[in-house]
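This is model.cif (mmCIF, C-alpha atoms).
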data_model
#
loop_
_atom_site.label_atom_id
_atom_site.label_comp_id
_atom_site.auth_asym_id
_atom_site.auth_seq_id
_atom_site.Cartn_x
_atom_site.Cartn_y
_atom_site.Cartn_z
CA MET O 1 44.89 130.07 116.55
CA LYS O 2 47.61 128.18 114.72
CA SER O 3 46.57 126.03 111.81
CA SER O 4 46.81 122.27 112.19
CA ALA O 5 49.54 122.22 109.53
CA LEU O 6 51.66 124.68 111.49
CA LEU O 7 51.09 122.81 114.73
CA ALA O 8 52.37 119.66 113.05
CA THR O 9 55.68 121.38 112.34
CA LEU O 10 56.01 122.50 115.94
CA LEU O 11 55.46 119.11 117.54
CA PRO O 12 58.39 116.67 117.70
CA SER O 13 57.91 112.96 117.46
CA VAL O 14 57.61 111.13 120.75
CA SER O 15 61.22 109.94 120.74
CA ALA O 16 62.80 113.18 119.49
CA THR O 17 65.47 114.52 121.80
CA ILE O 18 67.91 116.01 119.29
CA TYR O 19 67.76 119.79 119.11
CA TYR O 20 70.98 120.42 117.19
CA ALA O 21 72.42 118.43 114.26
CA GLY O 22 75.21 119.20 111.84
CA VAL O 23 78.85 118.84 110.91
CA ALA O 24 82.26 119.68 112.29
CA GLU O 25 84.02 122.28 110.15
CA SER O 26 87.68 121.29 110.08
CA GLY O 27 90.12 123.71 108.46
CA GLY O 28 91.01 126.40 110.96
CA GLU O 29 93.55 124.04 112.52
CA PHE O 30 95.27 123.25 109.19
CA GLY O 31 98.74 124.24 108.05
CA VAL O 32 100.92 123.67 111.12
CA TRP O 33 101.91 120.00 110.95
CA SER O 34 105.61 119.35 110.42
CA ALA O 35 107.14 116.04 109.31
CA ASP O 36 110.19 116.73 111.47
CA ALA O 37 108.21 118.34 114.32
CA THR O 38 109.65 121.80 113.79
CA PRO O 39 108.04 124.14 116.35
CA GLY O 40 106.42 127.20 114.85
CA THR O 41 105.65 125.61 111.50
CA GLY O 42 102.73 127.38 109.85
CA LEU O 43 102.37 130.04 112.54
CA PRO O 44 100.69 132.38 112.22
CA GLY O 45 99.89 131.13 108.73
CA THR O 46 98.10 132.81 105.85
CA PHE O 47 94.31 132.79 105.98
CA GLY O 48 92.78 131.35 102.84
CA VAL O 49 96.06 129.69 101.85
CA GLU O 50 97.17 127.51 104.76
CA TYR O 51 93.94 127.46 106.72
CA GLN O 52 90.32 128.54 106.46
CA PHE O 53 87.38 128.10 108.81
CA ILE O 54 84.46 127.51 106.44
CA ASP O 55 83.42 127.78 102.83
CA GLU O 56 80.26 129.87 102.77
CA ALA O 57 78.82 128.14 99.71
CA ALA O 58 79.21 124.74 101.40
CA VAL O 59 77.53 126.03 104.55
CA ASP O 60 74.71 127.28 102.32
CA VAL O 61 74.18 123.75 101.02
CA HIS O 62 74.25 122.22 104.47
CA VAL O 63 71.69 124.70 105.78
CA ASP O 64 69.45 125.44 102.81
CA GLN O 65 69.34 121.94 101.29
CA ASN O 66 70.30 119.61 104.16
CA HIS O 67 68.59 121.69 106.87
CA LEU O 68 71.43 121.45 109.39
CA ASN O 69 71.43 123.85 112.33
CA LEU O 70 74.83 123.21 113.96
CA PHE O 71 78.44 123.77 112.86
CA ARG O 72 81.50 123.11 115.03
CA ILE O 73 84.19 125.53 113.87
CA ALA O 74 87.79 124.58 114.68
CA PHE O 75 90.62 126.99 115.40
CA LEU O 76 94.11 126.83 116.92
CA LEU O 77 94.95 128.42 120.24
CA GLU O 78 98.39 129.42 118.93
CA ARG O 79 96.83 131.46 116.13
CA MET O 80 94.22 133.13 118.32
CA CYS O 81 96.77 133.78 121.09
CA PRO O 82 100.21 134.24 119.47
CA LEU O 83 103.23 132.67 121.14
CA GLU O 84 104.77 136.12 121.56
CA THR O 85 102.09 137.11 124.06
CA GLY O 86 101.09 133.66 125.26
CA LEU O 87 97.77 132.05 126.03
CA GLY O 88 95.40 134.54 127.60
CA SER O 89 93.34 137.61 126.81
CA THR O 90 95.59 139.11 124.11
CA PHE O 91 94.37 137.99 120.68
CA ASP O 92 95.68 138.31 117.15
CA GLU O 93 92.87 140.64 116.12
CA THR O 94 93.19 139.93 112.40
CA HIS O 95 92.85 136.22 113.07
CA PHE O 96 89.94 136.79 115.43
CA ASP O 97 88.17 138.87 112.79
CA HIS O 98 88.43 136.03 110.26
CA PHE O 99 87.08 133.61 112.86
CA LYS O 100 84.23 135.92 113.84
CA ASP O 101 83.30 136.32 110.18
CA ALA O 102 82.83 132.54 109.97
CA VAL O 103 80.82 132.39 113.20
CA ASP O 104 78.66 135.33 112.15
CA TYR O 105 78.00 133.75 108.77
CA VAL O 106 76.76 130.55 110.40
CA THR O 107 74.73 132.22 113.13
CA ALA O 108 73.58 135.59 111.81
CA THR O 109 73.43 135.01 108.06
CA LYS O 110 72.26 131.40 108.05
CA GLY O 111 70.44 131.31 111.40
CA ALA O 112 72.21 128.16 112.63
CA TYR O 113 74.21 127.51 115.82
CA ALA O 114 78.02 127.45 116.08
CA ILE O 115 80.31 125.60 118.49
CA LEU O 116 83.61 127.39 119.04
CA ASP O 117 86.22 124.62 118.96
CA PRO O 118 89.78 125.26 120.18
CA HIS O 119 91.23 122.24 118.44
CA SER O 120 94.31 121.96 120.64
CA TYR O 121 94.05 118.82 122.80
CA MET O 122 94.45 120.83 126.07
CA ARG O 123 97.92 121.83 124.89
CA TYR O 124 99.53 125.11 123.94
CA ASN O 125 102.81 126.35 122.41
CA ASP O 126 103.68 123.77 119.72
CA PRO O 127 101.03 122.30 117.38
CA SER O 128 103.62 120.99 114.90
CA SER O 129 102.91 117.34 115.74
CA GLN O 130 99.37 117.48 117.00
CA PRO O 131 97.77 115.76 118.78
CA TYR O 132 100.85 114.99 120.89
CA SER O 133 103.08 118.07 120.70
CA GLY O 134 102.81 121.10 122.93
CA SER O 135 102.78 121.54 126.70
CA VAL O 136 99.77 120.39 128.68
CA ILE O 137 97.85 123.41 129.94
CA GLY O 138 98.06 123.61 133.71
CA ASN O 139 101.00 121.22 134.07
CA THR O 140 102.90 122.85 136.93
CA SER O 141 105.90 120.56 136.42
CA ASP O 142 106.50 122.00 132.93
CA PRO O 143 107.91 125.55 133.06
CA THR O 144 106.92 126.11 129.42
CA ALA O 145 103.28 125.20 129.97
CA ALA O 146 100.48 127.74 129.96
CA THR O 147 98.70 127.85 133.30
CA THR O 148 95.13 127.07 134.21
CA GLU O 149 94.72 130.77 134.98
CA GLN O 150 95.85 131.65 131.46
CA PHE O 151 93.33 129.21 130.02
CA ALA O 152 90.64 130.89 132.11
CA ALA O 153 91.74 134.32 130.89
CA PHE O 154 91.50 133.11 127.29
CA TRP O 155 87.97 131.85 127.77
CA GLY O 156 86.90 134.93 129.66
CA GLU O 157 88.03 137.11 126.77
CA LEU O 158 86.52 134.91 124.03
CA ALA O 159 83.24 134.53 125.91
CA GLY O 160 82.94 138.25 126.44
CA ARG O 161 83.24 138.81 122.70
CA PHE O 162 80.41 136.38 121.91
CA ALA O 163 78.20 136.89 124.97
CA ASP O 164 75.59 138.75 122.93
CA ASN O 165 75.22 135.94 120.39
CA GLU O 166 72.82 133.37 121.84
CA LYS O 167 73.54 130.98 118.98
CA VAL O 168 77.19 130.54 119.97
CA ILE O 169 78.14 127.48 122.03
CA PHE O 170 81.45 127.37 123.87
CA GLY O 171 83.28 124.06 123.33
CA LEU O 172 86.00 124.31 125.96
CA MET O 173 88.62 122.07 124.32
CA ASN O 174 89.03 119.37 121.72
CA GLU O 175 90.11 115.95 123.03
CA PRO O 176 92.28 116.35 126.13
CA HIS O 177 94.43 113.24 126.55
CA ASP O 178 97.39 111.73 128.37
CA MET O 179 97.06 113.95 131.42
CA ALA O 180 95.46 113.71 134.85
CA THR O 181 91.68 113.72 134.70
CA ASP O 182 91.63 116.03 137.71
CA LEU O 183 93.62 118.59 135.71
CA VAL O 184 91.11 118.40 132.86
CA LEU O 185 88.37 119.12 135.40
CA GLN O 186 90.36 121.99 136.95
CA ASN O 187 90.86 123.59 133.55
CA ASN O 188 87.22 123.06 132.62
CA GLN O 189 86.04 124.62 135.87
CA ALA O 190 88.35 127.60 135.53
CA ALA O 191 86.99 128.21 132.02
CA ILE O 192 83.37 127.89 133.17
CA ASP O 193 84.01 130.36 135.99
CA ALA O 194 85.65 132.84 133.61
CA ILE O 195 82.87 132.54 131.04
CA ARG O 196 80.18 133.26 133.61
CA ALA O 197 82.24 136.07 135.16
CA ALA O 198 82.35 137.66 131.69
CA GLY O 199 78.57 137.85 131.73
CA ALA O 200 78.13 135.16 129.05
CA GLU O 201 75.10 132.90 129.57
CA ASN O 202 75.82 130.79 126.49
CA LEU O 203 75.65 127.01 126.48
CA ILE O 204 79.00 125.41 127.36
CA ILE O 205 80.11 121.92 126.37
CA MET O 206 83.01 120.47 128.36
CA PRO O 207 85.23 117.49 127.50
CA GLY O 208 86.63 114.69 129.55
CA ASN O 209 90.06 113.11 129.48
CA SER O 210 91.19 110.23 127.22
CA TRP O 211 90.15 111.94 123.98
CA THR O 212 86.73 112.50 125.63
CA GLY O 213 85.76 109.05 124.37
CA GLY O 214 82.32 107.77 125.23
CA HIS O 215 83.33 104.12 125.27
CA SER O 216 86.02 104.74 127.92
CA TRP O 217 84.18 107.27 130.09
CA THR O 218 83.77 104.90 133.01
CA GLN O 219 86.94 102.86 132.48
CA GLY O 220 90.41 102.83 134.00
CA SER O 221 91.93 104.00 137.27
CA ASP O 222 91.49 107.68 136.36
CA ALA O 223 88.04 107.52 134.80
CA ASN O 224 86.08 110.59 133.78
CA SER O 225 83.01 109.17 135.48
CA ALA O 226 84.63 109.44 138.91
CA ILE O 227 84.79 113.24 138.98
CA MET O 228 83.52 115.00 135.85
CA HIS O 229 80.03 115.42 137.29
CA THR O 230 81.41 117.60 140.11
CA PHE O 231 81.82 120.70 137.91
CA VAL O 232 79.77 123.71 138.94
CA ASP O 233 77.95 126.02 136.55
CA PRO O 234 75.76 128.56 138.38
CA LEU O 235 73.49 128.76 135.33
CA GLU O 236 73.28 124.96 134.93
CA ASN O 237 73.86 125.37 131.20
CA THR O 238 76.81 123.06 130.61
CA ALA O 239 76.69 119.77 128.70
CA ILE O 240 79.28 117.03 128.21
CA ASP O 241 81.25 116.84 124.96
CA ILE O 242 81.73 113.27 123.68
CA HIS O 243 83.63 111.78 120.73
CA GLU O 244 83.03 108.25 119.52
CA TYR O 245 84.18 106.34 116.45
CA LEU O 246 83.08 102.91 115.33
CA ASP O 247 86.38 101.26 114.41
CA VAL O 248 88.41 98.78 116.42
CA ASP O 249 90.45 101.30 118.42
CA TYR O 250 87.90 104.15 118.39
CA SER O 251 90.33 106.38 116.48
CA GLY O 252 88.32 107.00 113.33
CA LEU O 253 91.28 105.91 111.22
CA HIS O 254 90.03 102.51 110.02
CA SER O 255 87.43 101.56 107.48
CA GLU O 256 85.92 98.58 109.30
CA CYS O 257 83.16 99.28 111.83
CA VAL O 258 83.09 96.94 114.84
CA SER O 259 82.10 99.14 117.82
CA ASP O 260 78.35 99.61 118.11
CA ALA O 261 76.78 102.45 120.07
CA GLU O 262 74.39 100.42 122.18
CA THR O 263 77.27 98.42 123.63
CA ASN O 264 79.92 101.10 123.88
CA LEU O 265 77.82 104.04 125.05
CA ALA O 266 75.62 102.21 127.54
CA GLU O 267 77.72 103.02 130.62
CA LEU O 268 78.19 106.66 129.60
CA THR O 269 74.46 107.02 129.00
CA ALA O 270 73.70 105.57 132.42
CA TRP O 271 76.21 107.99 134.00
CA LEU O 272 74.64 110.97 132.24
CA ASP O 273 71.19 109.90 133.40
CA GLU O 274 72.41 109.30 136.97
CA HIS O 275 73.78 112.83 137.21
CA ASN O 276 71.01 114.50 135.20
CA LEU O 277 73.45 115.67 132.54
CA LYS O 278 73.10 116.14 128.79
CA ALA O 279 75.67 115.48 126.08
CA PHE O 280 76.64 116.40 122.55
CA ILE O 281 78.55 113.93 120.40
CA THR O 282 80.65 116.35 118.37
CA GLU O 283 82.82 113.83 116.53
CA PHE O 284 81.76 110.53 115.02
CA GLY O 285 81.91 108.96 111.61
CA ALA O 286 82.30 105.83 109.53
CA HIS O 287 83.33 104.47 106.12
CA ASN O 288 80.99 103.94 103.18
CA ASN O 289 80.87 100.14 103.27
CA THR O 290 77.75 98.08 103.95
CA GLY O 291 78.57 97.15 107.55
CA CYS O 292 79.35 100.73 108.46
CA ASP O 293 76.14 101.99 106.86
CA THR O 294 74.08 99.94 109.30
CA MET O 295 76.20 100.64 112.36
CA LEU O 296 76.39 104.38 111.64
CA ALA O 297 72.63 104.60 111.19
CA ASP O 298 72.15 102.72 114.45
CA PHE O 299 74.55 105.13 116.16
CA VAL O 300 72.49 108.19 115.17
CA LYS O 301 69.27 106.43 116.11
CA TYR O 302 70.75 105.59 119.51
CA MET O 303 71.30 109.29 120.20
CA ALA O 304 67.76 110.12 119.12
CA ASP O 305 66.31 107.40 121.34
CA ASN O 306 68.16 108.44 124.52
CA ASP O 307 67.21 111.68 126.24
CA ALA O 308 70.77 112.24 127.46
CA TYR O 309 71.88 113.30 123.96
CA ILE O 310 70.70 116.64 122.60
CA GLY O 311 73.01 117.35 119.67
CA TRP O 312 75.62 116.02 117.27
CA THR O 313 78.15 117.01 114.62
CA ALA O 314 79.62 114.43 112.24
CA TRP O 315 83.34 114.48 111.41
CA ALA O 316 84.06 116.28 109.13
CA ALA O 317 83.45 118.88 106.49
CA GLY O 318 85.82 121.73 105.71
CA PRO O 319 87.15 123.75 102.79
CA PHE O 320 90.69 122.34 102.57
CA TRP O 321 90.24 118.57 102.71
CA GLY O 322 90.19 118.13 98.95
CA THR O 323 90.24 114.43 98.09
CA ALA O 324 91.74 113.53 101.49
CA SER O 325 89.42 111.99 104.05
CA PRO O 326 89.08 113.15 107.66
CA CYS O 327 87.73 109.85 108.86
CA CYS O 328 87.54 106.17 108.60
CA THR O 329 89.18 105.15 105.31
CA ASP O 330 92.55 103.57 106.18
CA ASP O 331 94.13 106.61 104.47
CA ALA O 332 92.30 106.06 101.20
CA GLN O 333 91.21 109.31 99.57
CA TYR O 334 87.45 109.44 99.41
CA GLY O 335 86.97 113.13 100.11
CA SER O 336 85.03 114.53 103.05
CA LEU O 337 81.55 115.59 104.16
CA GLU O 338 82.02 118.91 102.35
CA PRO O 339 79.39 119.44 99.63
CA GLY O 340 81.06 119.17 96.25
CA SER O 341 83.85 116.98 97.61
CA LYS O 342 85.17 114.24 95.30
CA ALA O 343 87.25 111.12 95.79
CA ALA O 344 90.76 110.99 94.35
CA ASP O 345 89.51 109.05 91.32
CA GLY O 346 86.91 111.72 90.64
CA GLY O 347 84.09 109.55 91.92
CA ASP O 348 81.63 109.94 94.75
CA SER O 349 82.99 111.24 98.03
CA LEU O 350 82.02 110.59 101.64
CA TYR O 351 79.55 113.45 101.21
CA ASP O 352 77.72 111.33 98.64
CA THR O 353 78.18 107.87 100.13
CA VAL O 354 78.04 108.63 103.87
CA TRP O 355 76.33 111.97 104.34
CA LEU O 356 73.63 111.88 101.69
CA LYS O 357 73.10 108.13 101.81
CA VAL O 358 73.22 107.40 105.56
CA LEU O 359 73.20 110.56 107.68
CA GLN O 360 70.94 112.94 105.78
CA PRO O 361 67.84 110.73 106.10
CA LEU O 362 68.40 110.72 109.88
CA VAL O 363 68.61 114.49 110.34
CA PRO O 364 65.54 115.37 112.43
CA THR O 365 62.88 117.21 110.46
CA ALA O 366 62.31 119.44 113.48
CA LEU O 367 65.25 121.18 115.17
CA GLN O 368 65.73 124.33 117.22
CA TRP O 369 66.12 127.37 114.99
CA GLU O 370 65.37 130.24 117.36
CA GLY O 371 66.38 131.25 120.86
CA PRO O 372 69.45 130.57 122.97
CA ALA O 373 71.26 127.26 122.80
CA SER O 374 70.55 125.43 126.04
CA VAL O 375 70.91 122.09 127.78
CA LYS O 376 67.10 122.18 127.90
CA GLY O 377 66.83 122.69 124.17
CA GLY O 378 64.25 124.98 122.65
CA GLU O 379 61.19 124.90 120.47
CA LEU O 380 61.47 122.27 117.76
CA VAL O 381 60.26 123.47 114.37
CA GLY O 382 60.63 122.52 110.76
CA PHE O 383 63.24 124.26 108.62
CA PRO O 384 62.20 127.93 108.46
CA GLY O 385 63.59 128.62 105.01
#

Could I get this structure in the form of C-alpha cells?
Amino acid sequence: MKSSALLATLLPSVSATIYYAGVAESGGEFGVWSADATPGTGLPGTFGVEYQFIDEAAVDVHVDQNHLNLFRIAFLLERMCPLETGLGSTFDETHFDHFKDAVDYVTATKGAYAILDPHSYMRYNDPSSQPYSGSVIGNTSDPTAATTEQFAAFWGELAGRFADNEKVIFGLMNEPHDMATDLVLQNNQAAIDAIRAAGAENLIIMPGNSWTGGHSWTQGSDANSAIMHTFVDPLENTAIDIHEYLDVDYSGLHSECVSDAETNLAELTAWLDEHNLKAFITEFGAHNNTGCDTMLADFVKYMADNDAYIGWTAWAAGPFWGTASPCCTDDAQYGSLEPGSKAADGGDSLYDTVWLKVLQPLVPTALQWEGPASVKGGELVGFPG
C-alpha cells in the first residue's frame, strides 16, 4: 500500500491537464543568416562556434531546480540533410551525432522529454534569410523545391533512428507560412505515414499554416480549421502544434502585450474540442513589464484550465543568445530564458524577470516523468529527483 504522502504526489489537481512543460532550445538553427541573403552562408557551419543545440549545465538547472520535463530542440534541415545530397534519408552523420547527443542528454541523462524541431518554415535549400528564403517543400511549380516525398523520406529516416526512445516527440515542422494550407496538410500526412511505416510509435505534433498561429486558426479563406482535422494517424498519437504571442501582430517582436489568450484562443480551443484533438503550444512569450506579467500568467493558466492543451514550451532558451533577446523586447537586449543569462547592461535577464518571476510559479508540480509521450498523457508525479 502506498503511503498517503506518496499518493498525494501522484494525484493531479482537479484542473490539471498539462503533462509536459518546458522551454524551446534555440541555437541549432543559428549561424546561417546573411545580411545580403547570400545562399549557403554558414553551411554546414562549425558546431560549438556558429551553432549549438543545448548547454548541458543550463538544462541541468531547468530540470534539477525548475523541474521542467520538456525541451524543444531546434535544428536546420540543410545541416541535417546537406544540399549536396538534398532533403531525404541521407544525413550528415557528424551533425546528426551532435544532435543525438543533445537529445540523449535531455531524455536519457536528465529523464525529460524532447521535441525534435526542424526549424525551417516548411522550406529547404536556402536558410540565409529565414523565415522567408528557401523553396517551399512540395511546391511542384518550383523546380528547385524539395518534394513531399523527400520530406517523407527525411522523417522516415529520422523517426527510425529515434523509434526506440519513447521520450522523443516528433515536431514535424516549425511555422509553415505563405503557402497553400492543403500543401501543409499533404506534407504533414506524408511525414506521419513515413514515421509510422518506420515502426516509430512516438508522439507526433503537426503544425498548421500561417505560422501555426492559434489566433488565426479559424480565420481567412484558407483556414487551418477547414482541413487540418482530416489527417490520419493509425495510432491516434498526433497532436496539434500551436504558436501564440501576446503582442499586437502576434509576432513576438514587441514589448507591449495586447492579445489575451481567452479571446484569441477561444475558437481554436472549440475546434480542438469539436474534433477531439489535443495541442501543444510550443512557442509563446512576453516582455517583463507589468501588463505582460498578468497577461502571460493568464495565458499559462488558460492552457491549464482547458483540457485541449497538454503541453507547452516557452520561447526561448539556448546557449548562443547572449544578451540578445529571442522574444518580445522591441530589439532591446534583455537576454533570454537561459539560466545565467544577463541583459546588455549586466542586469537581470528575461530568465530572472519573466521565467523565474512569472512562469516558474506556474509550472505544474506534477508532470509526466516516465513512460511514452502520448496525446493521452501519462501518470502525473512530483519531480523524481

Notebook entry, point to check: How many Å separate atom CA of O:Ala308 from atom CA of O:Glu283?
Noted result: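 Computing the Euclidean distance for atom CA of O:Ala308 and atom CA of O:Glu283 yields 16.3 Å.
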
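In this model, the gap between atom CA of O:Leu70 and atom CA of O:Gly134 comes to 29.5 Å.
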
Note to self: Need to verify the contact set: stretch 352-356 of chain O, 7 Å, all atoms listed in the file, exclusion of same-chain residues closer than 3 positions in sequence. Can you return it as a PyMOL selection string?
What the structure shows: chain O and resi 288+337+348-349+359-360

Give me the residues within 10 Å of O:Val49 as a PDB file with C-alpha atoms, in the frame of the given file, counting all atoms listed in the file and dropping any in the same chain fewer than 3 places off.
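Saved to part_25.pdb:
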ATOM      1  CA  PHE O  30      95.270 123.250 109.190  1.00  0.00           C
ATOM      2  CA  GLY O  31      98.740 124.240 108.050  1.00  0.00           C
ATOM      3  CA  GLY O  45      99.890 131.130 108.730  1.00  0.00           C
ATOM      4  CA  THR O  46      98.100 132.810 105.850  1.00  0.00           C
ATOM      5  CA  GLN O  52      90.320 128.540 106.460  1.00  0.00           C
ATOM      6  CA  PHE O 320      90.690 122.340 102.570  1.00  0.00           C
TER       7      PHE O 320
END

Next item on the list: Write out as a ChimeraX atom specification the residues lying within 12 Å of O:Thr109, counting only C-alpha atoms and excluding same-chain residues fewer than 4 positions away.
Entry: /O:56,59-60,63-64,101-105,113-114,167

Check: Which is closest to O:Ala24 among O:Gln333, O:Asn209, O:Asn174, O:Asn224, if we use all atoms listed in the file?
Finding: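 Under the stated criterion, the closest residue is O:Asn174.
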
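Once the PyMOL selection byres ((chain O and resi 242-258) around 6) is applied to the shown structure, the selection contains Thr212, Gly213, Gly214, Asp241, Ser259, Ile281, Thr282, Glu283, Phe284, Gly285, His287, Cys292, Cys327, Cys328, Thr329 and Asp330 of chain O.
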
Checklist line | the PyMOL selection byres ((chain O and resi 378) around 6) resolved against shown file, as a list of chain:residue names | finding: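 Expected selection for the PyMOL selection byres ((chain O and resi 378) around 6) here is O:Gln368, O:Gly377, O:Glu379.
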
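Matched in the shown structure by the PyMOL selection byres ((chain O and resi 119) around 10): Ser26, Gly28, Glu29, Ile73, Ala74, Phe75, Leu76, Leu77, Leu116, Asp117, Pro118, Ser120, Tyr121, Met122, Arg123, Pro127, Gln130, Pro131, Gly171, Leu172, Met173, Asn174, Glu175 and Pro176 of chain O.
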
Next item on the list: Please measure the separation of atom CA of O:Asp178 and atom CA of O:Ala226, giving the value in Å to one decimal.
Entry: 16.7 Å

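Among the candidates O:Thr269, O:Thr38, O:Asn125, O:Thr181, the one nearest to O:Ser221 when counting all atoms listed in the file is O:Thr181.
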
Next item on the list: Name the residues in contact with O:Trp217 at a cut-off of 8 Å, using all atoms listed in the file, excluding same-chain residues fewer than 5 positions from it; report them as a ChimeraX atom specification.
Entry: /O:208,212,223-225,267-268

For stretch 288-296 of chain O, which lacks atoms in the input, supply all heavy atoms and format the output as a PDB file, keeping the file's coordinate frame.
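Here's the written file selection_0.pdb:
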ATOM      1  N   ASN O 288      82.158 104.064 104.039  1.00  0.00           N
ATOM      2  CA  ASN O 288      80.990 103.940 103.180  1.00  0.00           C
ATOM      3  C   ASN O 288      80.714 102.495 102.772  1.00  0.00           C
ATOM      4  O   ASN O 288      80.119 102.235 101.737  1.00  0.00           O
ATOM      5  CB  ASN O 288      81.137 104.808 101.928  1.00  0.00           C
ATOM      6  CG  ASN O 288      82.364 104.438 101.101  1.00  0.00           C
ATOM      7  OD1 ASN O 288      83.128 103.550 101.462  1.00  0.00           O
ATOM      8  ND2 ASN O 288      82.558 105.137  99.988  1.00  0.00           N
ATOM      9  N   ASN O 289      81.157 101.526 103.602  1.00  0.00           N
ATOM     10  CA  ASN O 289      80.870 100.140 103.270  1.00  0.00           C
ATOM     11  C   ASN O 289      79.555  99.697 103.910  1.00  0.00           C
ATOM     12  O   ASN O 289      78.990 100.384 104.769  1.00  0.00           O
ATOM     13  CB  ASN O 289      82.016  99.219 103.682  1.00  0.00           C
ATOM     14  CG  ASN O 289      82.368  99.366 105.141  1.00  0.00           C
ATOM     15  OD1 ASN O 289      81.523  99.232 106.019  1.00  0.00           O
ATOM     16  ND2 ASN O 289      83.631  99.672 105.427  1.00  0.00           N
ATOM     17  N   THR O 290      79.078  98.533 103.536  1.00  0.00           N
ATOM     18  CA  THR O 290      77.750  98.080 103.950  1.00  0.00           C
ATOM     19  C   THR O 290      77.638  97.943 105.463  1.00  0.00           C
ATOM     20  O   THR O 290      76.666  98.398 106.073  1.00  0.00           O
ATOM     21  CB  THR O 290      77.405  96.746 103.272  1.00  0.00           C
ATOM     22  OG1 THR O 290      77.460  96.923 101.858  1.00  0.00           O
ATOM     23  CG2 THR O 290      76.005  96.297 103.673  1.00  0.00           C
ATOM     24  N   GLY O 291      78.628  97.328 106.099  1.00  0.00           N
ATOM     25  CA  GLY O 291      78.570  97.150 107.550  1.00  0.00           C
ATOM     26  C   GLY O 291      78.546  98.464 108.288  1.00  0.00           C
ATOM     27  O   GLY O 291      77.828  98.631 109.287  1.00  0.00           O
ATOM     28  N   CYS O 292      79.316  99.416 107.810  1.00  0.00           N
ATOM     29  CA  CYS O 292      79.350 100.730 108.460  1.00  0.00           C
ATOM     30  C   CYS O 292      78.042 101.485 108.253  1.00  0.00           C
ATOM     31  O   CYS O 292      77.605 102.235 109.133  1.00  0.00           O
ATOM     32  CB  CYS O 292      80.507 101.551 107.936  1.00  0.00           C
ATOM     33  SG  CYS O 292      82.132 101.045 108.575  1.00  0.00           S
ATOM     34  N   ASP O 293      77.419 101.314 107.097  1.00  0.00           N
ATOM     35  CA  ASP O 293      76.140 101.990 106.860  1.00  0.00           C
ATOM     36  C   ASP O 293      75.152 101.657 107.978  1.00  0.00           C
ATOM     37  O   ASP O 293      74.516 102.537 108.556  1.00  0.00           O
ATOM     38  CB  ASP O 293      75.543 101.544 105.526  1.00  0.00           C
ATOM     39  CG  ASP O 293      76.212 102.196 104.328  1.00  0.00           C
ATOM     40  OD1 ASP O 293      77.127 103.015 104.538  1.00  0.00           O
ATOM     41  OD2 ASP O 293      75.822 101.874 103.194  1.00  0.00           O
ATOM     42  N   THR O 294      75.031 100.383 108.276  1.00  0.00           N
ATOM     43  CA  THR O 294      74.080  99.940 109.300  1.00  0.00           C
ATOM     44  C   THR O 294      74.477 100.423 110.678  1.00  0.00           C
ATOM     45  O   THR O 294      73.656 100.942 111.442  1.00  0.00           O
ATOM     46  CB  THR O 294      73.965  98.413 109.287  1.00  0.00           C
ATOM     47  OG1 THR O 294      73.527  97.981 108.001  1.00  0.00           O
ATOM     48  CG2 THR O 294      72.990  97.930 110.348  1.00  0.00           C
ATOM     49  N   MET O 295      75.753 100.277 111.017  1.00  0.00           N
ATOM     50  CA  MET O 295      76.200 100.640 112.360  1.00  0.00           C
ATOM     51  C   MET O 295      76.147 102.143 112.565  1.00  0.00           C
ATOM     52  O   MET O 295      75.810 102.624 113.658  1.00  0.00           O
ATOM     53  CB  MET O 295      77.614 100.100 112.600  1.00  0.00           C
ATOM     54  CG  MET O 295      78.009 100.094 114.065  1.00  0.00           C
ATOM     55  SD  MET O 295      79.546  99.173 114.367  1.00  0.00           S
ATOM     56  CE  MET O 295      78.947  97.494 114.187  1.00  0.00           C
ATOM     57  N   LEU O 296      76.461 102.931 111.530  1.00  0.00           N
ATOM     58  CA  LEU O 296      76.390 104.380 111.640  1.00  0.00           C
ATOM     59  C   LEU O 296      74.944 104.841 111.804  1.00  0.00           C
ATOM     60  O   LEU O 296      74.654 105.721 112.626  1.00  0.00           O
ATOM     61  CB  LEU O 296      77.019 105.035 110.413  1.00  0.00           C
ATOM     62  CG  LEU O 296      77.096 106.562 110.409  1.00  0.00           C
ATOM     63  CD1 LEU O 296      77.901 107.076 111.595  1.00  0.00           C
ATOM     64  CD2 LEU O 296      77.703 107.062 109.092  1.00  0.00           C
TER      65      LEU O 296
END
